[in-house]
Amino acid sequence: MLKRITDSEDRLFWRIRIKDAAFPAPFPRSLEYNAPAHGTWNIVHIGMAVPQSHSIYVCADNCLRGVVMTAAEMGCLDRFSSVTITERDLQTDNLETITIEGVSDVIAQLPQKPPVVFLFLVCLHIFAGCDEDYVFRTLTRRWPGIRFVKAYMDCVRQKEGPTPDMKLRMAEYGIIDPLPLNRKRVNILGSDVRFLPDGELVGLLTKHGFCVKQLPDLDTYQSFLALGDAAVNICPYPNGDAAIRALSERMGARYLYLSAAVSYEQIRSQIHALAKTCGFEPPSEKWFAEKERRCEEALAQLGNTLGSFCVAIDYTAHSRPLGIARLLLLHGIRVRCVFLDQILEEEKEAYEWLRVHFPDLELISTILPAMAGYGRGESVTADTDRIVAFGQKAAWYCQSPHFVNLIEGGGLWGYQGILQLCSLLEEASARELDYRQQIPRKGIGWPSLCAIP
Amino acid sequence: MTRETWKTQTWWSIPVYTGDVSGVCSALYELGGMVVMHDPSGCNSTYNTHDEIRWSHSESLIFLSGLTQMDAITGNDRRLIDDIVSAANQFHPQFIAIAGSPVPWLIGTDFAAVCARVTLETGIPAFHVETNAMHDYTRGAGQAFLKLAKMLFEICTMASGGKSGRNAEKPFGGIPGNLSGKVRVNVLGMTPLDFTNPGETGNLKKALGDRGFEVVSVWAMGDPENPLPGIRKSLQSDVNLVVSSCGIDTARWMEETFGIPYVVGIPCGAFADVLFASLSESARDGKSRIPYLDDPGPAPGQRDKSISGKEAAMAQSAFAGRCVAGETVMAGSLAANLRYQDGKACDMVPLTETVRGLIPAGAICPKGERQIRQVLGAYEEVIGDPMLRQAVRCGCRFEELPHFALSGRVFLDRIRPLI
């Protein structure tokens, strides 16, 4: 096959000790490489999470290819349509005509009219100065039974503002109209994964008589709209924060951002905030102590089980990769490296702590050009068979069959989240998975109707 | 804009083919160069997930520029140049190709200047492949091969004595001489987008070798070693074999510039004999040929130049009753093979963009899902990618011919070798 192009002396500047890493961008910007690890959700998955919705993308062929094939591999082409843009469309007007007529043509072909359409506009609409309001006004008038939601695949703006992912979540929850609030209703929204009933987040709420709803539990558009009756909205995922905050403001509901913390102090603080906001008594000190004792036991056991294994963590597996590194290092578990390209504000405290206490911890970029030389039998670490990779990109770059196949924290939250984290790492150290077959599949949690080369 | 115009741009159940930017990457993947997609985001992931089967096991320097809104608005090409130069100094690629996307196209990025600057600062030849993401892979790959050829053989265009076409002199007097006495062949237009089965290059080389041809180069996949040295010898060939529409631009340029004739087609089944005979004949008389258009008679019914609405269905109703739909050369070759096999008519229905000179006079080239449905709906038997199954009429006999450039990984495990 092909010869290796990169050599070891070329691989500079893609790994850095945390003591030398700047916040929030530890690596310089450069050309970007893309590893074949695709388990995270993209805008197709996020849009289709709204039950009975239909997505229509108006864009150029090459841009369309990625999203239409995502839908095809999900087995959801019946909920996806597209309109291609040509050079001629940009000469005709500012893309209003092709957008309005193309979308109308697509809708006319659908055997059943959807209640809600996510209409994705792209970079070209922005640069051409498309009159988006006119487009949506016209479509709404033409198709009165359909709710049109403005969504974007405007990649050109994603480094200088909210990403398309964040904006889509904003649009998605913007559909929900205010309803009379039910003080015993709580939503956990903004994340793509389900939080399990045995975790503290859902568990404490249900124990105190709250009816908890999450997006993955819904199967009709009406049930989605009914989310508007919750007195409290909780967002556990950074990319959903702005959207759920805005939803809560419109509803007049209370809002809590409870991103999955992995330190006892922060978990305590979050549980107290949860209790205060929802109006129930927080658990006793004994309860907290018992939970923390069990976590300590699990972490000690994890240390014994891992033995000579090291852990590599990547940001796609959990929004708090540095927090997890700190938790493991504090308990004597070796962390070889953390894969990330930026450090979130909520990780700043863990970053500062690690710089002081574990200054040699390595941060490794996932997108710098030098990363093209890793994977395909070449690991960033020397001891591939002794690495437990927490996340798909860590598995790829460490070439480790011992990996935890997780995205967005996988619903790990609170003390139970730490217990599950230990359990997942233990399991991964004890068995091997063919990561080459797993990680190129898109959107964990959705069907993957494809073969892997 | 007329109603008919936008009706050819809507899709509600069939995906689009691989795009032009991915086509560039696929064409140049194995040649030791560096390809930069000048795009904000997404092209890279789309390409390596859905349009490239080699990504997980073969290294190639394919990167995204990460264009930002501010860089686009302010025309800051310096960052693009600096990033390319930095990566080039790191990897020392044999060439650098830069492919554009919609925003650079819209703002009129001066790619010629960017390439000149990159070459000046790195000493590595750089060229721009004119893509804007609004076309399919045959355009992108075709342009990539052509630009590569022009880069490699620029000096030889002067050596051809300033003549063109059949009057062109073989550069360097056709060195080294054809010692073997065999007809020497370049294969043009071979990428995994059309030839996905891993054995295709080997099958093709064997088939050509068994018939006494000598393969000089394969543009550009499947060679065990870096194929660029082989490709550099392409001008020693007597004839080019164009196996997909991705290779036709390069073949025409090589004919025009160096007098090397070309033959278009895939050597499949009974059609292989006809194709090989054409290769020998073209090597002998210097004339280019497209044998799938020749025999045994033009495909019936392909007479109407433009189609719209009911006219298409009416025109098609007079057809043979069966067709092969897909990439132009693939459809033409497989349809010809069927005609040779059983003597019955079979149409080609090209669904990809590069068709000029590759289809029968007046052939129908449907655009958009509506026209595809109208055209395929007229046939009793259709051979094509499974994604097209929903476009055929009820009761139609549909034979699956999975095509990676359309259905991607969805039917990857069902793709059969074409050769």
# chains A, B, ... in the order shown; residues from 1 in each chain; ligands from 1
call {"tool": "residues_around", "arguments": {"residues": "Ser53 (chain A)", "least_positions_apart": "6", "cutoff": "7 Å", "atoms": "only C-alpha atoms", "output": "MDAnalysis selection string"}}
result
chainID A and resid 114:117
call {"tool": "residues_around", "arguments": {"residues": "region 104-110 of chain A", "least_positions_apart": "6", "cutoff": "7 Å", "atoms": "only C-alpha atoms", "output": "list of chain:residue names"}}
result
A:Ser81, B:Thr10, B:Trp11, B:Trp12
call {"tool": "select_by_dssp", "arguments": {"residues": "region 314-419 of chain B", "states": "strand (DSSP E)", "output": "PyMOL selection string"}}
result
chain B and resi 322-326+347-350+381-384+397-400
call {"tool": "write_last_selection", "arguments": {"atoms": "C-alpha atoms", "output": "mmCIF file, in the first residue's frame"}}
result
data_model
loop_
_atom_site.group_PDB
_atom_site.id
_atom_site.type_symbol
_atom_site.label_atom_id
_atom_site.label_comp_id
_atom_site.auth_asym_id
_atom_site.auth_seq_id
_atom_site.Cartn_x
_atom_site.Cartn_y
_atom_site.Cartn_z
ATOM 1 C CA ARG B 322 -34.013 -1.599 -20.455
ATOM 2 C CA CYS B 323 -31.182 0.678 -19.419
ATOM 3 C CA VAL B 324 -28.104 1.020 -17.307
ATOM 4 C CA ALA B 325 -28.127 4.193 -15.196
ATOM 5 C CA GLY B 326 -25.128 5.754 -13.516
ATOM 6 C CA ASP B 347 -29.861 2.294 -23.270
ATOM 7 C CA MET B 348 -27.360 4.195 -21.212
ATOM 8 C CA VAL B 349 -28.779 6.795 -18.861
ATOM 9 C CA PRO B 350 -25.963 9.017 -17.614
ATOM 10 C CA GLU B 381 -35.750 -3.153 -16.712
ATOM 11 C CA VAL B 382 -33.252 -0.902 -14.959
ATOM 12 C CA ILE B 383 -29.733 -1.629 -13.815
ATOM 13 C CA GLY B 384 -28.454 0.913 -11.303
ATOM 14 C CA ARG B 397 -37.229 -5.429 -13.047
ATOM 15 C CA PHE B 398 -34.479 -3.730 -11.084
ATOM 16 C CA GLU B 399 -30.957 -5.103 -10.957
ATOM 17 C CA GLU B 400 -28.756 -3.660 -8.257
#
call {"tool": "residues_around", "arguments": {"residues": "Val410 (chain B)", "least_positions_apart": "4", "cutoff": "7 Å", "atoms": "only C-alpha atoms", "output": "list in words"}}
result
Glu73, Leu449, Cys450 and Ala451 of chain A
call {"tool": "select_by_dssp", "arguments": {"residues": "region 168-247 of chain B", "states": "alpha helix (DSSP H)", "output": "ChimeraX atom specification"}}
result
/B:200-210,228-232
call {"tool": "write_last_selection", "arguments": {"atoms": "N, CA, C and O atoms", "output": "PDB file, in the first residue's frame"}}
result
ATOM      1  N   GLU B 200      -9.910  -4.059  -8.464  1.00  0.00           N
ATOM      2  CA  GLU B 200     -10.168  -3.522  -9.811  1.00  0.00           C
ATOM      3  C   GLU B 200      -8.888  -3.199 -10.590  1.00  0.00           C
ATOM      4  O   GLU B 200      -8.776  -3.535 -11.775  1.00  0.00           O
ATOM      5  N   THR B 201      -7.928  -2.546  -9.934  1.00  0.00           N
ATOM      6  CA  THR B 201      -6.714  -2.172 -10.653  1.00  0.00           C
ATOM      7  C   THR B 201      -5.975  -3.428 -11.115  1.00  0.00           C
ATOM      8  O   THR B 201      -5.513  -3.511 -12.265  1.00  0.00           O
ATOM      9  N   GLY B 202      -5.875  -4.397 -10.207  1.00  0.00           N
ATOM     10  CA  GLY B 202      -5.211  -5.656 -10.568  1.00  0.00           C
ATOM     11  C   GLY B 202      -5.933  -6.354 -11.708  1.00  0.00           C
ATOM     12  O   GLY B 202      -5.301  -6.871 -12.647  1.00  0.00           O
ATOM     13  N   ASN B 203      -7.256  -6.384 -11.631  1.00  0.00           N
ATOM     14  CA  ASN B 203      -8.042  -7.031 -12.694  1.00  0.00           C
ATOM     15  C   ASN B 203      -7.803  -6.357 -14.040  1.00  0.00           C
ATOM     16  O   ASN B 203      -7.651  -7.022 -15.075  1.00  0.00           O
ATOM     17  N   LEU B 204      -7.788  -5.029 -14.001  1.00  0.00           N
ATOM     18  CA  LEU B 204      -7.613  -4.284 -15.247  1.00  0.00           C
ATOM     19  C   LEU B 204      -6.222  -4.518 -15.831  1.00  0.00           C
ATOM     20  O   LEU B 204      -6.062  -4.760 -17.030  1.00  0.00           O
ATOM     21  N   LYS B 205      -5.223  -4.458 -14.978  1.00  0.00           N
ATOM     22  CA  LYS B 205      -3.850  -4.672 -15.456  1.00  0.00           C
ATOM     23  C   LYS B 205      -3.691  -6.072 -16.033  1.00  0.00           C
ATOM     24  O   LYS B 205      -3.031  -6.276 -17.053  1.00  0.00           O
ATOM     25  N   LYS B 206      -4.303  -7.030 -15.344  1.00  0.00           N
ATOM     26  CA  LYS B 206      -4.196  -8.411 -15.825  1.00  0.00           C
ATOM     27  C   LYS B 206      -4.900  -8.568 -17.171  1.00  0.00           C
ATOM     28  O   LYS B 206      -4.368  -9.177 -18.105  1.00  0.00           O
ATOM     29  N   ALA B 207      -6.113  -7.978 -17.238  1.00  0.00           N
ATOM     30  CA  ALA B 207      -6.854  -8.088 -18.495  1.00  0.00           C
ATOM     31  C   ALA B 207      -6.073  -7.475 -19.645  1.00  0.00           C
ATOM     32  O   ALA B 207      -5.985  -8.041 -20.748  1.00  0.00           O
ATOM     33  N   LEU B 208      -5.469  -6.315 -19.395  1.00  0.00           N
ATOM     34  CA  LEU B 208      -4.674  -5.666 -20.446  1.00  0.00           C
ATOM     35  C   LEU B 208      -3.426  -6.485 -20.754  1.00  0.00           C
ATOM     36  O   LEU B 208      -3.064  -6.686 -21.924  1.00  0.00           O
ATOM     37  N   GLY B 209      -2.774  -6.974 -19.710  1.00  0.00           N
ATOM     38  CA  GLY B 209      -1.563  -7.773 -19.910  1.00  0.00           C
ATOM     39  C   GLY B 209      -1.847  -9.045 -20.680  1.00  0.00           C
ATOM     40  O   GLY B 209      -1.096  -9.427 -21.593  1.00  0.00           O
ATOM     41  N   ASP B 210      -2.958  -9.680 -20.349  1.00  0.00           N
ATOM     42  CA  ASP B 210      -3.319 -10.931 -21.034  1.00  0.00           C
ATOM     43  C   ASP B 210      -3.556 -10.713 -22.523  1.00  0.00           C
ATOM     44  O   ASP B 210      -3.397 -11.645 -23.328  1.00  0.00           O
ATOM     45  N   LEU B 228       3.220   8.017  -8.762  1.00  0.00           N
ATOM     46  CA  LEU B 228       3.586   9.231  -9.479  1.00  0.00           C
ATOM     47  C   LEU B 228       4.728   9.016 -10.484  1.00  0.00           C
ATOM     48  O   LEU B 228       4.658   9.518 -11.617  1.00  0.00           O
ATOM     49  N   PRO B 229       5.784   8.241 -10.130  1.00  0.00           N
ATOM     50  CA  PRO B 229       6.817   7.988 -11.146  1.00  0.00           C
ATOM     51  C   PRO B 229       6.254   7.328 -12.399  1.00  0.00           C
ATOM     52  O   PRO B 229       6.637   7.676 -13.523  1.00  0.00           O
ATOM     53  N   GLY B 230       5.327   6.401 -12.224  1.00  0.00           N
ATOM     54  CA  GLY B 230       4.691   5.754 -13.379  1.00  0.00           C
ATOM     55  C   GLY B 230       3.900   6.757 -14.193  1.00  0.00           C
ATOM     56  O   GLY B 230       3.945   6.781 -15.428  1.00  0.00           O
ATOM     57  N   ILE B 231       3.191   7.629 -13.475  1.00  0.00           N
ATOM     58  CA  ILE B 231       2.382   8.641 -14.151  1.00  0.00           C
ATOM     59  C   ILE B 231       3.270   9.610 -14.932  1.00  0.00           C
ATOM     60  O   ILE B 231       2.906  10.080 -16.014  1.00  0.00           O
ATOM     61  N   ARG B 232       4.437   9.876 -14.399  1.00  0.00           N
ATOM     62  CA  ARG B 232       5.367  10.765 -15.111  1.00  0.00           C
ATOM     63  C   ARG B 232       5.798  10.175 -16.462  1.00  0.00           C
ATOM     64  O   ARG B 232       6.265  10.886 -17.329  1.00  0.00           O
TER      65      ARG B 232
END
call {"tool": "residues_around", "arguments": {"residues": "Asp177 (chain A)", "least_positions_apart": "4", "cutoff": "8 Å", "atoms": "only C-alpha atoms", "output": "list in words"}}
result
Leu225, Gly228 and Met251 of chain A
call {"tool": "write_last_selection", "arguments": {"atoms": "N, CA, C and O atoms", "output": "PDB file, in the first residue's frame"}}
result
ATOM      1  N   LEU A 225     -43.927  19.594  21.831  1.00  0.00           N
ATOM      2  CA  LEU A 225     -44.489  20.915  22.156  1.00  0.00           C
ATOM      3  C   LEU A 225     -44.923  20.994  23.622  1.00  0.00           C
ATOM      4  O   LEU A 225     -44.855  22.059  24.240  1.00  0.00           O
ATOM      5  N   GLY A 228     -43.251  22.540  26.989  1.00  0.00           N
ATOM      6  CA  GLY A 228     -43.392  23.925  27.446  1.00  0.00           C
ATOM      7  C   GLY A 228     -44.047  24.086  28.802  1.00  0.00           C
ATOM      8  O   GLY A 228     -44.117  25.203  29.321  1.00  0.00           O
ATOM      9  N   MET A 251     -40.568  30.824  28.620  1.00  0.00           N
ATOM     10  CA  MET A 251     -41.628  30.099  29.324  1.00  0.00           C
ATOM     11  C   MET A 251     -41.924  30.717  30.698  1.00  0.00           C
ATOM     12  O   MET A 251     -42.923  30.396  31.323  1.00  0.00           O
TER      13      MET A 251
END
call {"tool": "residues_around", "arguments": {"residues": "region 148-160 of chain A", "least_positions_apart": "6", "cutoff": "8 Å", "atoms": "only C-alpha atoms", "output": "ChimeraX atom specification"}}
result
/A:43,116-123,126,136,139-140,167-168,171-172,175 /B:39-42,67-69
call {"tool": "write_last_selection", "arguments": {"atoms": "N, CA, C and O atoms", "output": "CSV table (one decimal), in the first residue's frame"}}
result
chain,number,residue,atom,x,y,z
A,43,ILE,N,-25.6,18.0,12.8
A,43,ILE,CA,-26.9,18.7,12.8
A,43,ILE,C,-28.0,17.9,12.2
A,43,ILE,O,-29.2,18.2,12.5
A,116,VAL,N,-43.6,20.1,11.1
A,116,VAL,CA,-42.5,21.0,11.3
A,116,VAL,C,-41.4,20.7,10.3
A,116,VAL,O,-41.0,19.6,10.1
A,117,VAL,N,-40.9,21.8,9.7
A,117,VAL,CA,-39.8,21.6,8.7
A,117,VAL,C,-38.6,22.5,9.2
A,117,VAL,O,-38.7,23.7,9.5
A,118,PHE,N,-37.4,21.8,9.4
A,118,PHE,CA,-36.2,22.5,9.6
A,118,PHE,C,-35.6,22.9,8.3
A,118,PHE,O,-35.2,22.0,7.5
A,119,LEU,N,-35.6,24.1,8.0
A,119,LEU,CA,-35.0,24.6,6.7
A,119,LEU,C,-33.6,25.1,6.9
A,119,LEU,O,-33.4,26.1,7.6
A,120,PHE,N,-32.6,24.4,6.4
A,120,PHE,CA,-31.2,24.7,6.6
A,120,PHE,C,-30.7,25.6,5.5
A,120,PHE,O,-30.7,25.3,4.4
A,121,LEU,N,-30.3,26.8,6.0
A,121,LEU,CA,-29.7,27.8,5.0
A,121,LEU,C,-28.1,27.7,5.3
A,121,LEU,O,-27.7,27.2,6.3
A,122,VAL,N,-27.4,28.1,4.3
A,122,VAL,CA,-25.9,27.8,4.4
A,122,VAL,C,-25.1,29.1,4.2
A,122,VAL,O,-25.7,30.2,4.0
A,123,CYS,N,-23.8,29.0,4.1
A,123,CYS,CA,-22.9,30.1,4.0
A,123,CYS,C,-23.3,31.0,2.8
A,123,CYS,O,-23.2,32.2,2.9
A,126,ILE,N,-25.9,33.6,3.4
A,126,ILE,CA,-25.4,34.7,4.2
A,126,ILE,C,-24.6,35.7,3.3
A,126,ILE,O,-24.8,36.9,3.3
A,136,PHE,N,-39.0,32.9,4.7
A,136,PHE,CA,-39.8,32.2,5.6
A,136,PHE,C,-41.3,32.7,5.7
A,136,PHE,O,-42.2,32.0,5.9
A,139,LEU,N,-42.9,31.1,2.6
A,139,LEU,CA,-43.2,29.7,2.8
A,139,LEU,C,-44.3,29.4,3.8
A,139,LEU,O,-45.2,28.6,3.6
A,140,THR,N,-44.3,30.2,4.8
A,140,THR,CA,-45.3,30.1,5.9
A,140,THR,C,-46.7,30.4,5.3
A,140,THR,O,-47.7,29.7,5.6
A,167,LYS,N,-26.7,26.7,17.3
A,167,LYS,CA,-27.8,27.5,16.8
A,167,LYS,C,-29.0,26.6,16.5
A,167,LYS,O,-30.2,27.0,16.6
A,168,LEU,N,-28.7,25.4,16.1
A,168,LEU,CA,-29.8,24.4,15.8
A,168,LEU,C,-30.6,24.1,17.0
A,168,LEU,O,-31.8,24.0,17.0
A,171,ALA,N,-32.8,26.9,17.7
A,171,ALA,CA,-34.0,26.9,16.8
A,171,ALA,C,-35.0,25.8,17.2
A,171,ALA,O,-36.2,26.0,17.2
A,172,GLU,N,-34.4,24.7,17.5
A,172,GLU,CA,-35.2,23.5,17.9
A,172,GLU,C,-36.1,23.8,19.1
A,172,GLU,O,-37.3,23.6,19.0
A,175,ILE,N,-39.2,26.4,19.0
A,175,ILE,CA,-40.5,26.0,18.5
A,175,ILE,C,-41.6,26.0,19.6
A,175,ILE,O,-42.7,26.2,19.4
B,39,ASP,N,-12.1,25.7,2.6
B,39,ASP,CA,-13.5,25.6,3.0
B,39,ASP,C,-13.6,25.8,4.6
B,39,ASP,O,-12.6,25.5,5.2
B,40,PRO,N,-14.7,26.3,5.1
B,40,PRO,CA,-14.8,26.5,6.5
B,40,PRO,C,-14.7,25.3,7.4
B,40,PRO,O,-14.0,25.1,8.3
B,41,SER,N,-15.6,24.3,6.9
B,41,SER,CA,-15.7,23.1,7.7
B,41,SER,C,-16.6,22.1,7.0
B,41,SER,O,-17.3,22.5,6.1
B,42,GLY,N,-16.5,20.9,7.3
B,42,GLY,CA,-17.5,19.9,6.8
B,42,GLY,C,-17.0,19.1,5.6
B,42,GLY,O,-17.3,17.9,5.5
B,67,LEU,N,-11.5,28.1,6.7
B,67,LEU,CA,-11.8,29.5,6.3
B,67,LEU,C,-12.8,30.1,7.3
B,67,LEU,O,-13.8,29.4,7.6
B,68,THR,N,-12.6,31.3,7.7
B,68,THR,CA,-13.5,31.9,8.7
B,68,THR,C,-14.2,33.1,7.9
B,68,THR,O,-13.8,33.5,6.9
B,69,GLN,N,-15.3,33.5,8.5
B,69,GLN,CA,-16.1,34.6,8.0
B,69,GLN,C,-15.2,35.9,7.8
B,69,GLN,O,-15.2,36.6,6.8
call {"tool": "atom_distance", "arguments": {"atom1": "CA of Tyr257 (chain A)", "atom2": "CA of Asn239 (chain A)"}}
result
11.0 Å
call {"tool": "closest_residue", "arguments": {"among": "A:Asp61, A:Asp20, A:Glu347, A:Glu200", "to": "chain B", "atoms": "only C-alpha atoms"}}
result
A:Asp61
call {"tool": "residues_around", "arguments": {"residues": "Ser280 (chain B)", "least_positions_apart": "4", "cutoff": "9 Å", "atoms": "only C-alpha atoms", "output": "mmCIF file with C-alpha atoms, in the first residue's frame"}}
result
data_model
loop_
_atom_site.group_PDB
_atom_site.id
_atom_site.type_symbol
_atom_site.label_atom_id
_atom_site.label_comp_id
_atom_site.auth_asym_id
_atom_site.auth_seq_id
_atom_site.Cartn_x
_atom_site.Cartn_y
_atom_site.Cartn_z
ATOM 1 C CA VAL B 183 0.983 -1.373 -27.325
ATOM 2 C CA PHE B 213 -0.860 -4.552 -23.769
ATOM 3 C CA VAL B 239 -2.925 5.171 -26.331
ATOM 4 C CA LEU B 275 -12.642 -2.322 -26.337
ATOM 5 C CA PHE B 276 -9.280 -4.056 -26.651
ATOM 6 C CA ARG B 284 -2.129 2.056 -34.890
ATOM 7 C CA ASP B 285 -4.054 4.848 -36.601
#
call {"tool": "decode", "arguments": {"residues": "region 351-359 of chain B", "atoms": "all heavy atoms", "output": "PDB file, in the first residue's frame"}}
result
ATOM      1  N   LEU B 351     -26.142   9.695 -15.316  1.00  0.00           N
ATOM      2  CA  LEU B 351     -26.663  10.496 -14.205  1.00  0.00           C
ATOM      3  C   LEU B 351     -25.616  11.442 -13.641  1.00  0.00           C
ATOM      4  O   LEU B 351     -25.925  12.260 -12.777  1.00  0.00           O
ATOM      5  CB  LEU B 351     -27.173   9.576 -13.090  1.00  0.00           C
ATOM      6  CG  LEU B 351     -28.312   8.626 -13.468  1.00  0.00           C
ATOM      7  CD1 LEU B 351     -28.729   7.782 -12.273  1.00  0.00           C
ATOM      8  CD2 LEU B 351     -29.516   9.384 -14.009  1.00  0.00           C
ATOM      9  N   THR B 352     -24.380  11.284 -14.097  1.00  0.00           N
ATOM     10  CA  THR B 352     -23.343  12.208 -13.631  1.00  0.00           C
ATOM     11  C   THR B 352     -23.154  13.303 -14.672  1.00  0.00           C
ATOM     12  O   THR B 352     -23.693  13.241 -15.776  1.00  0.00           O
ATOM     13  CB  THR B 352     -22.032  11.472 -13.351  1.00  0.00           C
ATOM     14  OG1 THR B 352     -21.689  10.688 -14.487  1.00  0.00           O
ATOM     15  CG2 THR B 352     -22.158  10.578 -12.131  1.00  0.00           C
ATOM     16  N   GLU B 353     -22.319  14.272 -14.302  1.00  0.00           N
ATOM     17  CA  GLU B 353     -22.323  15.542 -15.013  1.00  0.00           C
ATOM     18  C   GLU B 353     -21.481  15.564 -16.297  1.00  0.00           C
ATOM     19  O   GLU B 353     -21.810  16.273 -17.246  1.00  0.00           O
ATOM     20  CB  GLU B 353     -21.783  16.581 -14.018  1.00  0.00           C
ATOM     21  CG  GLU B 353     -21.970  17.982 -14.355  1.00  0.00           C
ATOM     22  CD  GLU B 353     -21.538  18.868 -13.178  1.00  0.00           C
ATOM     23  OE1 GLU B 353     -21.773  18.518 -12.011  1.00  0.00           O
ATOM     24  OE2 GLU B 353     -20.952  19.908 -13.465  1.00  0.00           O
ATOM     25  N   THR B 354     -20.404  14.794 -16.299  1.00  0.00           N
ATOM     26  CA  THR B 354     -19.483  14.886 -17.428  1.00  0.00           C
ATOM     27  C   THR B 354     -19.961  13.960 -18.543  1.00  0.00           C
ATOM     28  O   THR B 354     -19.809  12.739 -18.466  1.00  0.00           O
ATOM     29  CB  THR B 354     -18.058  14.507 -16.991  1.00  0.00           C
ATOM     30  OG1 THR B 354     -17.721  15.319 -15.860  1.00  0.00           O
ATOM     31  CG2 THR B 354     -17.056  14.722 -18.098  1.00  0.00           C
ATOM     32  N   VAL B 355     -20.568  14.554 -19.557  1.00  0.00           N
ATOM     33  CA  VAL B 355     -21.166  13.743 -20.621  1.00  0.00           C
ATOM     34  C   VAL B 355     -20.738  14.192 -22.019  1.00  0.00           C
ATOM     35  O   VAL B 355     -20.898  13.445 -22.988  1.00  0.00           O
ATOM     36  CB  VAL B 355     -22.722  13.782 -20.560  1.00  0.00           C
ATOM     37  CG1 VAL B 355     -23.224  13.132 -19.291  1.00  0.00           C
ATOM     38  CG2 VAL B 355     -23.240  15.197 -20.677  1.00  0.00           C
ATOM     39  N   ARG B 356     -20.182  15.369 -22.128  1.00  0.00           N
ATOM     40  CA  ARG B 356     -19.920  15.934 -23.458  1.00  0.00           C
ATOM     41  C   ARG B 356     -19.056  14.998 -24.300  1.00  0.00           C
ATOM     42  O   ARG B 356     -17.966  14.598 -23.896  1.00  0.00           O
ATOM     43  CB  ARG B 356     -19.215  17.295 -23.332  1.00  0.00           C
ATOM     44  CG  ARG B 356     -19.031  18.028 -24.647  1.00  0.00           C
ATOM     45  CD  ARG B 356     -18.421  19.400 -24.422  1.00  0.00           C
ATOM     46  NE  ARG B 356     -17.094  19.325 -23.843  1.00  0.00           N
ATOM     47  CZ  ARG B 356     -15.969  19.179 -24.552  1.00  0.00           C
ATOM     48  NH1 ARG B 356     -16.030  19.057 -25.868  1.00  0.00           N
ATOM     49  NH2 ARG B 356     -14.804  19.131 -23.951  1.00  0.00           N
ATOM     50  N   GLY B 357     -19.572  14.597 -25.427  1.00  0.00           N
ATOM     51  CA  GLY B 357     -18.847  13.716 -26.331  1.00  0.00           C
ATOM     52  C   GLY B 357     -18.818  12.263 -25.900  1.00  0.00           C
ATOM     53  O   GLY B 357     -18.214  11.425 -26.559  1.00  0.00           O
ATOM     54  N   LEU B 358     -19.464  11.935 -24.807  1.00  0.00           N
ATOM     55  CA  LEU B 358     -19.399  10.564 -24.279  1.00  0.00           C
ATOM     56  C   LEU B 358     -20.725   9.830 -24.398  1.00  0.00           C
ATOM     57  O   LEU B 358     -20.842   8.692 -23.951  1.00  0.00           O
ATOM     58  CB  LEU B 358     -18.986  10.595 -22.796  1.00  0.00           C
ATOM     59  CG  LEU B 358     -17.600  11.159 -22.486  1.00  0.00           C
ATOM     60  CD1 LEU B 358     -17.385  11.230 -20.970  1.00  0.00           C
ATOM     61  CD2 LEU B 358     -16.514  10.299 -23.122  1.00  0.00           C
ATOM     62  N   ILE B 359     -21.713  10.477 -24.992  1.00  0.00           N
ATOM     63  CA  ILE B 359     -23.053   9.873 -25.058  1.00  0.00           C
ATOM     64  C   ILE B 359     -23.557   9.907 -26.499  1.00  0.00           C
ATOM     65  O   ILE B 359     -23.076  10.698 -27.312  1.00  0.00           O
ATOM     66  CB  ILE B 359     -24.038  10.624 -24.129  1.00  0.00           C
ATOM     67  CG1 ILE B 359     -24.027  12.120 -24.449  1.00  0.00           C
ATOM     68  CG2 ILE B 359     -23.698  10.401 -22.680  1.00  0.00           C
ATOM     69  CD1 ILE B 359     -25.035  12.927 -23.655  1.00  0.00           C
TER      70      ILE B 359
END
